[in-house]
$ cat structure-v4.pdb   # PDB, C-alpha atoms, pLDDT in the B column
MODEL        1
ATOM      1  CA  MET A 825       0.000   0.000   0.000  1.00 77.00           C
ATOM      2  CA  SER A 826       1.438   3.388  -1.021  1.00 86.00           C
ATOM      3  CA  TYR A 827       0.835   6.729   0.691  1.00 96.00           C
ATOM      4  CA  ASN A 828       1.546  10.374  -0.085  1.00 95.00           C
ATOM      5  CA  ASN A 829       2.055  11.686   3.450  1.00 96.00           C
ATOM      6  CA  ILE A 830       3.215   8.773   5.568  1.00 98.00           C
ATOM      7  CA  LEU A 831       5.733   5.947   5.450  1.00 97.00           C
ATOM      8  CA  VAL A 832       5.249   2.481   6.915  1.00 97.00           C
ATOM      9  CA  GLU A 833       8.301   0.392   7.739  1.00 97.00           C
ATOM     10  CA  GLU A 834       7.928  -3.164   8.963  1.00 95.00           C
ATOM     11  CA  LYS A 835      10.572  -5.098  10.864  1.00 95.00           C
ATOM     12  CA  LYS A 836       8.177  -7.703  12.184  1.00 93.00           C
ATOM     13  CA  PRO A 837       6.975  -8.020  14.863  1.00 96.00           C
ATOM     14  CA  ILE A 838       7.382  -4.197  14.931  1.00 98.00           C
ATOM     15  CA  ALA A 839       5.931  -1.710  12.457  1.00 98.00           C
ATOM     16  CA  THR A 840       6.898   1.971  12.366  1.00 98.00           C
ATOM     17  CA  VAL A 841       4.517   4.582  10.977  1.00 98.00           C
ATOM     18  CA  ILE A 842       6.234   7.855  10.027  1.00 98.00           C
ATOM     19  CA  ILE A 843       4.313  11.038   9.282  1.00 98.00           C
ATOM     20  CA  ASN A 844       6.250  12.356   6.309  1.00 97.00           C
ATOM     21  CA  ARG A 845       5.484  16.027   5.687  1.00 96.00           C
ATOM     22  CA  PRO A 846       8.739  17.615   6.895  1.00 93.00           C
ATOM     23  CA  ASN A 847       8.223  20.831   4.913  1.00 92.00           C
ATOM     24  CA  LYS A 848       4.968  21.336   6.857  1.00 93.00           C
ATOM     25  CA  LEU A 849       6.517  20.128  10.138  1.00 96.00           C
ATOM     26  CA  ASN A 850       4.367  17.025   9.667  1.00 96.00           C
ATOM     27  CA  ALA A 851       1.149  18.988  10.214  1.00 95.00           C
ATOM     28  CA  LEU A 852      -2.037  16.930  10.053  1.00 96.00           C
ATOM     29  CA  ASN A 853      -4.400  17.500   7.152  1.00 94.00           C
ATOM     30  CA  LYS A 854      -7.419  15.489   6.067  1.00 94.00           C
ATOM     31  CA  GLU A 855      -5.430  13.342   3.658  1.00 96.00           C
ATOM     32  CA  THR A 856      -2.818  12.486   6.289  1.00 97.00           C
ATOM     33  CA  ILE A 857      -5.504  11.554   8.819  1.00 97.00           C
ATOM     34  CA  GLN A 858      -7.155   9.300   6.237  1.00 97.00           C
ATOM     35  CA  GLU A 859      -3.836   7.648   5.363  1.00 98.00           C
ATOM     36  CA  LEU A 860      -3.027   7.074   9.021  1.00 98.00           C
ATOM     37  CA  HIS A 861      -6.474   5.514   9.452  1.00 98.00           C
ATOM     38  CA  GLN A 862      -5.772   3.148   6.572  1.00 98.00           C
ATOM     39  CA  ALA A 863      -2.302   2.244   7.833  1.00 98.00           C
ATOM     40  CA  PHE A 864      -3.384   1.517  11.417  1.00 98.00           C
ATOM     41  CA  SER A 865      -6.439  -0.445  10.247  1.00 98.00           C
ATOM     42  CA  PHE A 866      -4.202  -2.549   7.982  1.00 97.00           C
ATOM     43  CA  LEU A 867      -1.546  -3.129  10.650  1.00 97.00           C
ATOM     44  CA  GLU A 868      -4.116  -4.194  13.234  1.00 97.00           C
ATOM     45  CA  LYS A 869      -5.185  -7.018  10.919  1.00 96.00           C
ATOM     46  CA  ASP A 870      -1.592  -8.166  10.270  1.00 96.00           C
ATOM     47  CA  LYS A 871      -1.060 -11.003  12.762  1.00 94.00           C
ATOM     48  CA  GLU A 872       2.714 -10.770  12.403  1.00 96.00           C
ATOM     49  CA  VAL A 873       2.768  -7.172  13.683  1.00 97.00           C
ATOM     50  CA  LYS A 874       2.695  -7.059  17.488  1.00 98.00           C
ATOM     51  CA  VAL A 875       3.646  -3.427  18.272  1.00 98.00           C
ATOM     52  CA  ILE A 876       3.398  -0.175  16.310  1.00 98.00           C
ATOM     53  CA  LEU A 877       5.664   2.850  16.685  1.00 98.00           C
ATOM     54  CA  LEU A 878       4.434   6.276  15.539  1.00 98.00           C
ATOM     55  CA  THR A 879       6.839   9.137  14.835  1.00 98.00           C
ATOM     56  CA  GLY A 880       7.459  12.131  12.578  1.00 98.00           C
ATOM     57  CA  SER A 881      10.049  12.583   9.847  1.00 97.00           C
ATOM     58  CA  GLY A 882      13.017  14.879  10.353  1.00 94.00           C
ATOM     59  CA  GLU A 883      14.429  16.207  13.618  1.00 91.00           C
ATOM     60  CA  LYS A 884      12.151  19.194  14.249  1.00 95.00           C
ATOM     61  CA  ALA A 885       8.642  17.884  14.709  1.00 97.00           C
ATOM     62  CA  PHE A 886       6.576  14.867  15.630  1.00 98.00           C
ATOM     63  CA  VAL A 887       3.492  16.751  14.444  1.00 98.00           C
ATOM     64  CA  ALA A 888       3.513  20.541  14.830  1.00 95.00           C
ATOM     65  CA  GLY A 889      -0.297  20.755  14.738  1.00 92.00           C
ATOM     66  CA  ALA A 890      -3.208  20.623  12.350  1.00 88.00           C
ATOM     67  CA  ASP A 891      -3.011  22.191   8.893  1.00 86.00           C
ATOM     68  CA  ILE A 892      -4.830  25.449   9.721  1.00 87.00           C
ATOM     69  CA  SER A 893      -5.154  26.468   6.086  1.00 86.00           C
ATOM     70  CA  GLU A 894      -7.663  23.632   5.598  1.00 89.00           C
ATOM     71  CA  PHE A 895     -10.222  24.880   8.109  1.00 89.00           C
ATOM     72  CA  ALA A 896      -9.639  28.614   8.568  1.00 88.00           C
ATOM     73  CA  ASN A 897     -12.925  29.445   6.797  1.00 91.00           C
ATOM     74  CA  PHE A 898     -15.079  26.617   8.163  1.00 94.00           C
ATOM     75  CA  SER A 899     -18.614  27.169   9.456  1.00 95.00           C
ATOM     76  CA  VAL A 900     -19.899  25.906  12.824  1.00 96.00           C
ATOM     77  CA  GLU A 901     -21.249  22.759  11.170  1.00 96.00           C
ATOM     78  CA  GLU A 902     -18.040  22.136   9.226  1.00 95.00           C
ATOM     79  CA  GLY A 903     -15.934  22.602  12.370  1.00 95.00           C
ATOM     80  CA  GLY A 904     -18.009  20.100  14.309  1.00 96.00           C
ATOM     81  CA  LYS A 905     -17.816  17.602  11.474  1.00 95.00           C
ATOM     82  CA  LEU A 906     -14.032  18.044  11.246  1.00 94.00           C
ATOM     83  CA  ALA A 907     -13.594  17.148  14.920  1.00 95.00           C
ATOM     84  CA  ALA A 908     -16.097  14.273  14.863  1.00 96.00           C
ATOM     85  CA  GLU A 909     -14.624  12.642  11.768  1.00 96.00           C
ATOM     86  CA  GLY A 910     -11.039  13.083  12.951  1.00 96.00           C
ATOM     87  CA  GLN A 911     -11.761  11.565  16.352  1.00 97.00           C
ATOM     88  CA  GLU A 912     -13.543   8.575  14.850  1.00 97.00           C
ATOM     89  CA  LEU A 913     -11.130   7.959  11.988  1.00 97.00           C
ATOM     90  CA  LEU A 914      -7.859   8.255  13.840  1.00 98.00           C
ATOM     91  CA  PHE A 915      -7.642   9.306  17.477  1.00 98.00           C
ATOM     92  CA  ASN A 916     -10.231   6.923  18.921  1.00 98.00           C
ATOM     93  CA  LEU A 917      -9.037   4.229  16.527  1.00 98.00           C
ATOM     94  CA  ILE A 918      -5.491   4.393  17.908  1.00 98.00           C
ATOM     95  CA  GLU A 919      -6.603   4.580  21.544  1.00 98.00           C
ATOM     96  CA  ASN A 920      -8.758   1.474  21.155  1.00 97.00           C
ATOM     97  CA  LEU A 921      -6.403  -0.476  18.885  1.00 98.00           C
ATOM     98  CA  SER A 922      -5.814  -3.977  20.212  1.00 97.00           C
ATOM     99  CA  LYS A 923      -2.080  -3.617  19.513  1.00 98.00           C
ATOM    100  CA  PRO A 924       0.165  -1.314  21.548  1.00 98.00           C
ATOM    101  CA  VAL A 925       1.007   1.990  19.855  1.00 98.00           C
ATOM    102  CA  ILE A 926       4.044   3.863  21.181  1.00 98.00           C
ATOM    103  CA  ALA A 927       4.493   7.527  20.242  1.00 98.00           C
ATOM    104  CA  ALA A 928       8.163   8.347  19.596  1.00 98.00           C
ATOM    105  CA  VAL A 929       7.938  12.127  19.992  1.00 98.00           C
ATOM    106  CA  ASN A 930      10.941  13.443  18.083  1.00 98.00           C
ATOM    107  CA  GLY A 931      10.291  17.205  18.251  1.00 97.00           C
ATOM    108  CA  PHE A 932       7.348  19.590  18.461  1.00 98.00           C
ATOM    109  CA  ALA A 933       4.058  17.911  19.410  1.00 98.00           C
ATOM    110  CA  LEU A 934       1.583  20.767  19.363  1.00 98.00           C
ATOM    111  CA  GLY A 935      -2.202  20.941  19.019  1.00 97.00           C
ATOM    112  CA  GLY A 936      -3.334  17.974  16.977  1.00 97.00           C
ATOM    113  CA  GLY A 937       0.181  16.570  17.265  1.00 98.00           C
ATOM    114  CA  LEU A 938       0.002  16.332  21.043  1.00 98.00           C
ATOM    115  CA  GLU A 939      -3.540  14.996  20.741  1.00 98.00           C
ATOM    116  CA  LEU A 940      -2.213  12.298  18.411  1.00 98.00           C
ATOM    117  CA  ALA A 941       0.588  11.395  20.828  1.00 98.00           C
ATOM    118  CA  MET A 942      -1.905  11.251  23.708  1.00 98.00           C
ATOM    119  CA  ALA A 943      -4.123   8.839  21.751  1.00 98.00           C
ATOM    120  CA  CYS A 944      -1.192   6.395  21.696  1.00 98.00           C
ATOM    121  CA  HIS A 945      -0.870   3.980  24.594  1.00 98.00           C
ATOM    122  CA  PHE A 946       2.223   5.724  25.929  1.00 98.00           C
ATOM    123  CA  ARG A 947       4.864   8.220  24.860  1.00 98.00           C
ATOM    124  CA  VAL A 948       8.662   8.431  24.690  1.00 98.00           C
ATOM    125  CA  ALA A 949      10.244  11.789  23.799  1.00 98.00           C
ATOM    126  CA  SER A 950      13.603  13.079  22.603  1.00 98.00           C
ATOM    127  CA  HIS A 951      15.352  15.850  24.542  1.00 97.00           C
ATOM    128  CA  ASN A 952      14.367  18.504  21.987  1.00 97.00           C
ATOM    129  CA  ALA A 953      10.636  17.721  22.126  1.00 98.00           C
ATOM    130  CA  ARG A 954       8.199  20.434  23.158  1.00 98.00           C
ATOM    131  CA  MET A 955       4.513  19.859  23.846  1.00 98.00           C
ATOM    132  CA  GLY A 956       1.432  22.037  24.100  1.00 98.00           C
ATOM    133  CA  LEU A 957      -2.147  22.765  23.062  1.00 98.00           C
ATOM    134  CA  PRO A 958      -2.085  26.323  21.602  1.00 97.00           C
ATOM    135  CA  GLU A 959      -5.608  26.263  20.147  1.00 97.00           C
ATOM    136  CA  VAL A 960      -7.086  29.040  22.325  1.00 97.00           C
ATOM    137  CA  SER A 961      -4.536  31.457  20.817  1.00 97.00           C
ATOM    138  CA  LEU A 962      -6.389  30.850  17.535  1.00 95.00           C
ATOM    139  CA  GLY A 963      -9.846  31.329  19.061  1.00 96.00           C
ATOM    140  CA  VAL A 964     -10.697  27.625  19.150  1.00 96.00           C
ATOM    141  CA  ILE A 965     -10.191  24.672  21.522  1.00 97.00           C
ATOM    142  CA  PRO A 966      -8.576  21.253  21.052  1.00 97.00           C
ATOM    143  CA  GLY A 967     -10.968  19.185  18.964  1.00 96.00           C
ATOM    144  CA  TYR A 968      -9.269  15.816  18.645  1.00 97.00           C
ATOM    145  CA  GLY A 969      -9.742  14.681  22.236  1.00 97.00           C
ATOM    146  CA  GLY A 970      -7.227  17.003  23.892  1.00 98.00           C
ATOM    147  CA  THR A 971      -9.630  18.374  26.509  1.00 98.00           C
ATOM    148  CA  GLN A 972     -10.363  14.807  27.631  1.00 97.00           C
ATOM    149  CA  ARG A 973      -7.063  12.922  27.376  1.00 98.00           C
ATOM    150  CA  LEU A 974      -4.789  15.631  28.797  1.00 98.00           C
ATOM    151  CA  PRO A 975      -6.647  15.831  32.156  1.00 97.00           C
ATOM    152  CA  GLN A 976      -6.677  12.036  32.312  1.00 97.00           C
ATOM    153  CA  LEU A 977      -2.904  11.989  31.924  1.00 98.00           C
ATOM    154  CA  ILE A 978      -1.753  14.980  33.981  1.00 98.00           C
ATOM    155  CA  GLY A 979      -4.747  16.086  36.075  1.00 97.00           C
ATOM    156  CA  LYS A 980      -7.421  18.733  35.599  1.00 98.00           C
ATOM    157  CA  GLY A 981      -5.553  21.741  36.988  1.00 98.00           C
ATOM    158  CA  ARG A 982      -2.367  21.201  35.047  1.00 98.00           C
ATOM    159  CA  ALA A 983      -4.333  20.452  31.884  1.00 98.00           C
ATOM    160  CA  LEU A 984      -6.431  23.612  32.154  1.00 98.00           C
ATOM    161  CA  GLU A 985      -3.333  25.733  32.781  1.00 98.00           C
ATOM    162  CA  LEU A 986      -1.632  24.288  29.703  1.00 98.00           C
ATOM    163  CA  ILE A 987      -4.747  24.762  27.564  1.00 98.00           C
ATOM    164  CA  MET A 988      -5.572  28.277  28.816  1.00 98.00           C
ATOM    165  CA  THR A 989      -2.028  29.646  28.543  1.00 98.00           C
ATOM    166  CA  ALA A 990      -1.546  28.069  25.084  1.00 98.00           C
ATOM    167  CA  GLY A 991       2.034  27.494  26.202  1.00 95.00           C
ATOM    168  CA  MET A 992       4.581  24.756  25.617  1.00 97.00           C
ATOM    169  CA  ILE A 993       6.324  22.541  28.131  1.00 98.00           C
ATOM    170  CA  ASP A 994       9.703  20.878  27.795  1.00 98.00           C
ATOM    171  CA  VAL A 995      10.391  17.192  28.287  1.00 98.00           C
ATOM    172  CA  GLU A 996      11.474  17.581  31.914  1.00 98.00           C
ATOM    173  CA  ARG A 997       8.102  19.095  32.806  1.00 98.00           C
ATOM    174  CA  ALA A 998       6.267  16.543  30.646  1.00 98.00           C
ATOM    175  CA  LEU A 999       8.080  13.707  32.415  1.00 98.00           C
ATOM    176  CA  ASP A1000       7.282  15.189  35.818  1.00 98.00           C
ATOM    177  CA  TYR A1001       3.621  15.509  34.832  1.00 98.00           C
ATOM    178  CA  GLY A1002       3.431  11.899  33.620  1.00 98.00           C
ATOM    179  CA  LEU A1003       2.669  12.978  30.070  1.00 98.00           C
ATOM    180  CA  ILE A1004       5.637  10.981  28.786  1.00 98.00           C
ATOM    181  CA  ASN A1005       7.299   7.840  30.136  1.00 98.00           C
ATOM    182  CA  HIS A1006      10.923   8.367  29.104  1.00 98.00           C
ATOM    183  CA  VAL A1007      13.284  11.057  27.759  1.00 98.00           C
ATOM    184  CA  ILE A1008      15.918   9.847  25.304  1.00 97.00           C
ATOM    185  CA  SER A1009      18.424  11.481  22.953  1.00 97.00           C
ATOM    186  CA  GLN A1010      17.172  11.995  19.425  1.00 96.00           C
ATOM    187  CA  GLU A1011      19.684   9.467  18.088  1.00 97.00           C
ATOM    188  CA  GLU A1012      18.551   6.778  20.501  1.00 98.00           C
ATOM    189  CA  LEU A1013      14.810   7.522  20.412  1.00 98.00           C
ATOM    190  CA  LEU A1014      13.741   4.913  17.864  1.00 98.00           C
ATOM    191  CA  PRO A1015      16.231   2.234  18.994  1.00 98.00           C
ATOM    192  CA  PHE A1016      14.985   2.687  22.572  1.00 98.00           C
ATOM    193  CA  CYS A1017      11.351   2.420  21.443  1.00 98.00           C
ATOM    194  CA  GLU A1018      12.208  -0.666  19.394  1.00 98.00           C
ATOM    195  CA  LYS A1019      13.714  -2.311  22.479  1.00 98.00           C
ATOM    196  CA  LEU A1020      10.533  -1.568  24.428  1.00 98.00           C
ATOM    197  CA  ALA A1021       8.438  -2.886  21.549  1.00 98.00           C
ATOM    198  CA  ASP A1022      10.543  -6.039  21.316  1.00 97.00           C
ATOM    199  CA  LYS A1023      10.031  -6.691  25.025  1.00 97.00           C
ATOM    200  CA  ILE A1024       6.281  -6.158  24.670  1.00 98.00           C
ATOM    201  CA  SER A1025       6.109  -8.416  21.594  1.00 97.00           C
ATOM    202  CA  LYS A1026       7.400 -11.385  23.572  1.00 97.00           C
ATOM    203  CA  ASN A1027       4.271 -11.347  25.746  1.00 97.00           C
ATOM    204  CA  SER A1028       0.789 -12.513  24.821  1.00 97.00           C
ATOM    205  CA  SER A1029      -0.671 -10.186  22.188  1.00 96.00           C
ATOM    206  CA  VAL A1030      -4.145 -11.488  23.033  1.00 97.00           C
ATOM    207  CA  ALA A1031      -3.735 -10.648  26.724  1.00 98.00           C
ATOM    208  CA  ILE A1032      -2.294  -7.238  25.871  1.00 98.00           C
ATOM    209  CA  GLY A1033      -5.320  -6.500  23.704  1.00 97.00           C
ATOM    210  CA  HIS A1034      -7.608  -7.377  26.611  1.00 97.00           C
ATOM    211  CA  ALA A1035      -5.526  -5.227  28.973  1.00 98.00           C
ATOM    212  CA  ILE A1036      -5.807  -2.200  26.678  1.00 97.00           C
ATOM    213  CA  LYS A1037      -9.568  -2.629  26.511  1.00 96.00           C
ATOM    214  CA  ALA A1038      -9.905  -2.976  30.288  1.00 97.00           C
ATOM    215  CA  VAL A1039      -7.703   0.033  31.072  1.00 97.00           C
ATOM    216  CA  ASN A1040      -9.563   2.219  28.562  1.00 96.00           C
ATOM    217  CA  ALA A1041     -12.906   1.208  30.077  1.00 95.00           C
ATOM    218  CA  GLY A1042     -11.881   2.801  33.355  1.00 94.00           C
ATOM    219  CA  PHE A1043     -11.708   6.215  31.670  1.00 91.00           C
ATOM    220  CA  LYS A1044     -15.115   6.079  29.992  1.00 87.00           C
ATOM    221  CA  HIS A1045     -18.074   7.577  31.836  1.00 83.00           C
ATOM    222  CA  ASP A1046     -20.456   4.931  30.520  1.00 84.00           C
ATOM    223  CA  SER A1047     -18.270   1.949  31.402  1.00 86.00           C
ATOM    224  CA  ASN A1048     -17.408   0.071  34.581  1.00 93.00           C
ATOM    225  CA  GLY A1049     -13.681  -0.532  34.446  1.00 94.00           C
ATOM    226  CA  TYR A1050     -13.742  -3.233  37.114  1.00 95.00           C
ATOM    227  CA  ALA A1051     -16.493  -5.110  35.290  1.00 96.00           C
ATOM    228  CA  ALA A1052     -14.547  -4.793  32.033  1.00 95.00           C
ATOM    229  CA  GLU A1053     -11.476  -6.202  33.778  1.00 95.00           C
ATOM    230  CA  ILE A1054     -13.419  -9.174  35.140  1.00 96.00           C
ATOM    231  CA  GLU A1055     -14.846  -9.932  31.701  1.00 95.00           C
ATOM    232  CA  ALA A1056     -11.449  -9.612  29.998  1.00 96.00           C
ATOM    233  CA  PHE A1057      -9.736 -11.677  32.691  1.00 96.00           C
ATOM    234  CA  GLY A1058     -12.239 -14.474  32.217  1.00 97.00           C
ATOM    235  CA  ALA A1059     -11.977 -14.316  28.431  1.00 96.00           C
ATOM    236  CA  CYS A1060      -8.228 -14.911  28.640  1.00 97.00           C
ATOM    237  CA  PHE A1061      -8.872 -18.368  30.096  1.00 96.00           C
ATOM    238  CA  GLY A1062     -10.387 -19.475  26.806  1.00 97.00           C
ATOM    239  CA  THR A1063      -7.356 -18.557  24.704  1.00 96.00           C
ATOM    240  CA  ALA A1064      -4.508 -20.607  23.317  1.00 96.00           C
ATOM    241  CA  ASP A1065      -2.126 -17.956  24.664  1.00 96.00           C
ATOM    242  CA  PHE A1066      -3.292 -18.685  28.234  1.00 97.00           C
ATOM    243  CA  LYS A1067      -2.749 -22.414  27.779  1.00 96.00           C
ATOM    244  CA  GLU A1068       0.716 -21.830  26.348  1.00 96.00           C
ATOM    245  CA  GLY A1069       1.661 -19.251  28.971  1.00 97.00           C
ATOM    246  CA  THR A1070       0.637 -21.377  31.940  1.00 97.00           C
ATOM    247  CA  ASN A1071       2.150 -24.561  30.480  1.00 97.00           C
ATOM    248  CA  ALA A1072       5.428 -22.768  29.790  1.00 97.00           C
ATOM    249  CA  PHE A1073       5.515 -21.477  33.371  1.00 96.00           C
ATOM    250  CA  LEU A1074       4.863 -24.920  34.834  1.00 97.00           C
ATOM    251  CA  GLU A1075       7.410 -26.507  32.492  1.00 97.00           C
ATOM    252  CA  LYS A1076       9.989 -23.797  33.335  1.00 97.00           C
ATOM    253  CA  ARG A1077      10.477 -22.642  29.738  1.00 96.00           C
ATOM    254  CA  LYS A1078       9.851 -19.488  27.748  1.00 95.00           C
ATOM    255  CA  ALA A1079       6.388 -19.197  26.274  1.00 95.00           C
ATOM    256  CA  ASP A1080       5.891 -19.200  22.519  1.00 94.00           C
ATOM    257  CA  PHE A1081       2.538 -17.485  22.234  1.00 95.00           C
ATOM    258  CA  PRO A1082       0.412 -18.423  19.199  1.00 93.00           C
ATOM    259  CA  GLY A1083      -1.507 -15.143  19.377  1.00 91.00           C
ATOM    260  CA  GLU A1084      -4.921 -16.763  19.693  1.00 89.00           C
TER     261      GLU A1084
ENDMDL
END

$ encode --input "structure-v4.pdb" --output "structure tokens"
Amino acid sequence: MSYNNILVEEKKPIATVIINRPNKLNALNKETIQELHQAFSFLEKDKEVKVILLTGSGEKAFVAGADISEFANFSVEEGGKLAAEGQELLFNLIENLSKPVIAAVNGFALGGGLELAMACHFRVASHNARMGLPEVSLGVIPGYGGTQRLPQLIGKGRALELIMTAGMIDVERALDYGLINHVISQEELLPFCEKLADKISKNSSVAIGHAIKAVNAGFKHDSNGYAAEIEAFGACFGTADFKEGTNAFLEKRKADFPGE
């Protein structure tokens, strides 16, 4: 599958999705969102891919924001549709993907870029990364889930301060806030993420998928996270991965999970 704005590199069991618009600092436009939707949908179905890394091309930006030129003249209805379609096509898709998605934040992650990183299951950033939601400086608010995911990650007060000031934070502050998990040099960012992904890939992909679903349920107002955990826990007992994992433990050997 070929794309205009992204690259997909596969070193199975790891796939790396690269947003490739360096002249636009990898800004998100409709076409890029659609291509990312296609790529993630395809990779989720590929049984040989266990973990997905998401990053931006170049050394300046992960994603510097949305492509403002596309929506500067939108009406109320068009603005609402833009947010709704974007959330459904990409941001919610990534958050609820059954495979782990790690954001390798290699530079500016602003506006839609930070929202995209927050939709991933966790984030690793290079030393030069800067993060923020500057939308209110344009007379609008985050529309791709930023007002919901940022408070979940760093708390309501910190999130509102970041949103209302339209400012940026550096990686030290982001690490302190819990917005990112690790800070790594730019040169080592992808190798570090690949090591994490390799470690994850050795575990049961079926169990990991259930864990993602259960954790996400705890952040949804219409879901009972504990009930979701109980259901997912029970479901694991009917899988080939559970049989292999428990047998391997009892036989004192490493598990070779079939992914079923």

$ resolve_selection --input "structure-v4.pdb" --expression "the PyMOL selection byres ((chain A and resi 840-849) around 7)" --output "list in words"
Asn829, Ile830, Leu831, Val832, Glu833, Glu834, Ile838, Ala839, Asn850, Ala851, Ile876, Leu877, Leu878, Thr879, Gly880, Ser881, Gly882, Ala885, Val887 and Ala888 of chain A

$ resolve_selection --input "structure-v4.pdb" --expression "the PyMOL selection byres ((chain A and resi 943-959) around 8)" --output "tab-separated table (two decimals) with C-alpha atoms, keeping the file's coordinate frame"
chain	number	residue	atom	x	y	z
A	885	ALA	CA	8.64	17.88	14.71
A	915	PHE	CA	-7.64	9.31	17.48
A	916	ASN	CA	-10.23	6.92	18.92
A	918	ILE	CA	-5.49	4.39	17.91
A	919	GLU	CA	-6.60	4.58	21.54
A	924	PRO	CA	0.16	-1.31	21.55
A	925	VAL	CA	1.01	1.99	19.86
A	926	ILE	CA	4.04	3.86	21.18
A	927	ALA	CA	4.49	7.53	20.24
A	928	ALA	CA	8.16	8.35	19.60
A	929	VAL	CA	7.94	12.13	19.99
A	930	ASN	CA	10.94	13.44	18.08
A	931	GLY	CA	10.29	17.20	18.25
A	932	PHE	CA	7.35	19.59	18.46
A	933	ALA	CA	4.06	17.91	19.41
A	934	LEU	CA	1.58	20.77	19.36
A	935	GLY	CA	-2.20	20.94	19.02
A	936	GLY	CA	-3.33	17.97	16.98
A	938	LEU	CA	0.00	16.33	21.04
A	939	GLU	CA	-3.54	15.00	20.74
A	940	LEU	CA	-2.21	12.30	18.41
A	941	ALA	CA	0.59	11.40	20.83
A	942	MET	CA	-1.90	11.25	23.71
A	960	VAL	CA	-7.09	29.04	22.32
A	961	SER	CA	-4.54	31.46	20.82
A	962	LEU	CA	-6.39	30.85	17.54
A	963	GLY	CA	-9.85	31.33	19.06
A	964	VAL	CA	-10.70	27.62	19.15
A	965	ILE	CA	-10.19	24.67	21.52
A	966	PRO	CA	-8.58	21.25	21.05
A	970	GLY	CA	-7.23	17.00	23.89
A	973	ARG	CA	-7.06	12.92	27.38
A	986	LEU	CA	-1.63	24.29	29.70
A	987	ILE	CA	-4.75	24.76	27.56
A	989	THR	CA	-2.03	29.65	28.54
A	990	ALA	CA	-1.55	28.07	25.08
A	991	GLY	CA	2.03	27.49	26.20
A	992	MET	CA	4.58	24.76	25.62
A	993	ILE	CA	6.32	22.54	28.13
A	994	ASP	CA	9.70	20.88	27.80
A	995	VAL	CA	10.39	17.19	28.29
A	998	ALA	CA	6.27	16.54	30.65
A	1003	LEU	CA	2.67	12.98	30.07
A	1004	ILE	CA	5.64	10.98	28.79
A	1005	ASN	CA	7.30	7.84	30.14
A	1006	HIS	CA	10.92	8.37	29.10
A	1007	VAL	CA	13.28	11.06	27.76
A	1008	ILE	CA	15.92	9.85	25.30
A	1009	SER	CA	18.42	11.48	22.95
A	1010	GLN	CA	17.17	12.00	19.42
A	1013	LEU	CA	14.81	7.52	20.41
A	1017	CYS	CA	11.35	2.42	21.44

$ residues_around --input "structure-v4.pdb" --residues "segment 1038-1042 of chain A" --least-positions-apart "2" --cutoff "10 Å" --atoms "only C-alpha atoms" --output "PyMOL selection string"
chain A and resi 919-920+945+1032-1036+1044-1057

$ atom_distance --input "structure-v4.pdb" --atom1 "atom CA of Gly937 of chain A" --atom2 "atom CA of Ser826 of chain A"
22.6 Å

$ atom_distance --input "structure-v4.pdb" --atom1 "atom CA of Lys1067 of chain A" --atom2 "atom CA of Lys1026 of chain A"
15.6 Å

$ build_atoms --input "structure-v4.pdb" --residues "segment 830-838 of chain A" --atoms "N, CA, C and O atoms" --output "PDB file, keeping the file's coordinate frame"
ATOM      1  N   ILE A 830       2.653   9.591   4.504  1.00 98.00           N
ATOM      2  CA  ILE A 830       3.215   8.773   5.568  1.00 98.00           C
ATOM      3  C   ILE A 830       4.076   7.665   4.974  1.00 98.00           C
ATOM      4  O   ILE A 830       3.962   7.331   3.786  1.00 98.00           O
ATOM      5  N   LEU A 831       4.928   7.112   5.806  1.00 97.00           N
ATOM      6  CA  LEU A 831       5.733   5.947   5.450  1.00 97.00           C
ATOM      7  C   LEU A 831       5.444   4.854   6.463  1.00 97.00           C
ATOM      8  O   LEU A 831       5.231   5.137   7.644  1.00 97.00           O
ATOM      9  N   VAL A 832       5.442   3.617   6.012  1.00 97.00           N
ATOM     10  CA  VAL A 832       5.249   2.481   6.915  1.00 97.00           C
ATOM     11  C   VAL A 832       6.410   1.520   6.709  1.00 97.00           C
ATOM     12  O   VAL A 832       6.636   1.027   5.608  1.00 97.00           O
ATOM     13  N   GLU A 833       7.160   1.303   7.786  1.00 97.00           N
ATOM     14  CA  GLU A 833       8.301   0.392   7.739  1.00 97.00           C
ATOM     15  C   GLU A 833       8.015  -0.783   8.666  1.00 97.00           C
ATOM     16  O   GLU A 833       7.648  -0.588   9.821  1.00 97.00           O
ATOM     17  N   GLU A 834       8.220  -1.980   8.161  1.00 95.00           N
ATOM     18  CA  GLU A 834       7.928  -3.164   8.963  1.00 95.00           C
ATOM     19  C   GLU A 834       9.195  -3.978   9.186  1.00 95.00           C
ATOM     20  O   GLU A 834       9.860  -4.385   8.248  1.00 95.00           O
ATOM     21  N   LYS A 835       9.532  -4.153  10.455  1.00 95.00           N
ATOM     22  CA  LYS A 835      10.572  -5.098  10.864  1.00 95.00           C
ATOM     23  C   LYS A 835       9.890  -6.015  11.878  1.00 95.00           C
ATOM     24  O   LYS A 835      10.039  -5.846  13.075  1.00 95.00           O
ATOM     25  N   LYS A 836       9.065  -6.904  11.349  1.00 93.00           N
ATOM     26  CA  LYS A 836       8.177  -7.703  12.184  1.00 93.00           C
ATOM     27  C   LYS A 836       8.938  -8.407  13.302  1.00 93.00           C
ATOM     28  O   LYS A 836      10.035  -8.888  13.080  1.00 93.00           O
ATOM     29  N   PRO A 837       8.369  -8.324  14.513  1.00 96.00           N
ATOM     30  CA  PRO A 837       6.975  -8.020  14.863  1.00 96.00           C
ATOM     31  C   PRO A 837       6.667  -6.536  15.100  1.00 96.00           C
ATOM     32  O   PRO A 837       5.621  -6.223  15.660  1.00 96.00           O
ATOM     33  N   ILE A 838       7.576  -5.637  14.694  1.00 98.00           N
ATOM     34  CA  ILE A 838       7.382  -4.197  14.931  1.00 98.00           C
ATOM     35  C   ILE A 838       7.131  -3.487  13.611  1.00 98.00           C
ATOM     36  O   ILE A 838       7.799  -3.742  12.610  1.00 98.00           O
TER      37      ILE A 838
END
